[in-house]
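Q: The following block contains the structure, expressed as structure tokens.
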Amino acid sequence: MENTEQLSEFLQVRRDKLAELQSEGRDPFKITKFDRTATSGDIKAVAREEEREVTVRGETKTVTARISYFDGKQVTVAGRIMSKRGMGKVGFLHIADLNGQIQLFVKKDILGEEEYNRFKKLDIGDIIGAHGEVFTTQTGEISIRVDEITLLTKSLRPLPEKFHGMTDTDLRYRQRYIDLIMNEDVKKTFINRSKIIASIRSYLNGQGFLEVETPMLVSNAGGAAARPFETHFNALDEDFKLRISLELYLKRLIVGGFEKVYEIGRVFRNEGLDTRHNPEFTLMELYQAYTDYHGMMDLTENMYRHVAQEVLGTTKITYNGVEMDLGKPFERITMVDAVKKYSGVDFNEIHTLDEARAAADEHHVEYEKRHKKGDILNLFFEQFAEEHMIQPTFVMDHPIEISPLTKKKPDNPEYVERFEFFMNGWEMANAYSELNDPVDQRERFKAQEEQLAQGDEEANTTDEDFMRALEIGMPPTGGIGFGIDRMCMLLTDSPAIRDVLLFPTMKPIAE
């Protein structure tokens with residue numbers, strides 16, 4: 001347990017140091033600006049390497065010295081003190097900025113006695129600015145010989161002890177600011193997340209897509225099978241919902257003549273928390289006129305390959321020790337064939353609901369009374385096939401019962417032109433040849449409302465304005481939704497969705 005009395009003493013010491021600074025007219029919190037000329041990354045960029053013989057504790061050995069582009073030049077840096085040690089008239093400390101850490105060499109003869117004594121009062125966690133000359137130490141470490149130090153922020157609370165770091169997972173998620181300070185890998189994950197999203201945007205913009213924004217607060221939360229969060233808008237005295245999908249508004253834009261659109265944004269689903277689910281998460285949906293779900297497969301394959309190569313420098317990724325190759329053509333398999341392959345049940349030979357129920361009973365697949373043949377096929381897939389979808393795989397041609405916004409297959413109207421993209425046994429994307437027949441769409445909405453009446457809280461209701469848009473006319477269109485957080489998990493080898501969300505939803509701490 002935390003020693004409250006001891007911690008209070010530590011906190012008081014730091015506050016006393018701040019009070020002393022303020023009494024001397026050196027309050028760091030009154031500093032509004034600090035001009036630095038280089039970052040740790042700039043300075044540690046290597047111009048050349050050279051072999052040196054060094055003697056450490058009486059032992060002579062050869063080291064490779066990395067010589068900076070800034071070697072011998074004056075620089076001004078800023079960052080947080082991560083370590084500090086003093087040896088009489090000489091001190092060393094490491095400061096961290098966004099690019100990493102760099103060592104500062106502090107000498108009493110250079111800094112002056114008064115400033116050196118102030119240097120010794122600095123604490124780990126303080127944020128400082130420093131000016132000096134770049135050089136390479138005897139042991140080969142690029143460093144700065146400091147001739148001036150400015151305290152920019154006094155840290156009033158100590159960082160976690162460096163050796164053990166911040167290992168409490170729950171605390172790391174709740175106090176992400178400390179997690180980012182203490183764990184370089186965490187910082188790298190979120191930098192890569194930003195790069196992944198930037199790479200997606202770059203790819204789609206290069207393909208002629210237009211990025212747009214659509215409402216988060218909606219009167220009808222459609223476009224997906226999920227429970228919405230509900231709220232009340234006082235000014236209109238109307239109930240609203242937080243969006244669960246981006247689909248229906250983006251399709252309105254296709255009707256309006258925007259032929260390639262996408263949106264990356266937060267959506268909200270009133271569901272549980274686990275390693276792959278958070279009630280608010282980042283979704284990307286895109287729609288393209290005059291193409292179909294095969295066009296969406298090609299786009300998905302090319303985009304994933306592009307992002308991995310640009311961000312990671314390779315199309316081979318490893319997640320939890322399993323290698324997945326984005327460089328090879330992605331597998332394409334129908335849901336019926338996947339179920340047959342992994343369960344032995346061929347739904348091409350099952351023609352009635354009673355036959356589907358009998359197969360489910362025989363294979364211990366649980367279903368509800370409201371479930372139809374297509375629902376049971378999907379349950380078979382989830383139970384027997386999904387976990388085997390490790391390498392990049394498009395699972396195609398879903399039953400119509402679970403796809404209310406999708407075009408039927410012309411040669412087999414029990415199924416639709418839809419695919420789900422899987423990697424590592426996870427659904428990574430969901431795509432359709434979009435339904436643009438307003439008569440058919442109204443019938444699908446009607447079926448959804450019947451399911452809602454039977455207790456399916458995730459069923460859609462009819463969106464009359466969307467129906468009006470379809471009646472104006474939407475061209476043949478391909479559309480897809482990507483789970484950005486799961487993509488980031490795979491590309492950064494992160495075990496849980498909370499590891500790629502800066503501030504994930506957490507259960508309240510019990511008092």
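Letters for chains follow the order of the structure tokens (A, B, ...), residue numbers begin at 1 for each chain, and ligand numbers begin at 1 in the order shown.
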Within 12 Å of Gly272 in chain A, counting only C-alpha atoms, which residues show up once you throw out same-chain ones fewer than 4 positions away? Write them as a list in words, please.
A: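 Residues meeting the cut-off are Ala226, Arg227, Phe268, Arg276, His277, Asn278, Pro279, Glu280, Thr505, Met506 and Lys507 of chain A.
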Q: Between A:Glu417, A:Asp465, A:Asp123, A:Glu148, single out the one closest to Asp109 in chain A, counting only C-alpha atoms.
A: A:Glu148
Q: Show me, as a ChimeraX atom specification, the residues that have an atom within 7 Å of range 230-232 of chain A when counting only C-alpha atoms, minus same-chain residues fewer than 3 positions from it.
A: /A:237-242
Q: Report the distance between CA of Phe394 in chain A and CA of Tyr290 in chain A in Å, rounded to one decimal place.
A: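 Separation between CA of Phe394 in chain A and CA of Tyr290 in chain A: 20.8 Å.
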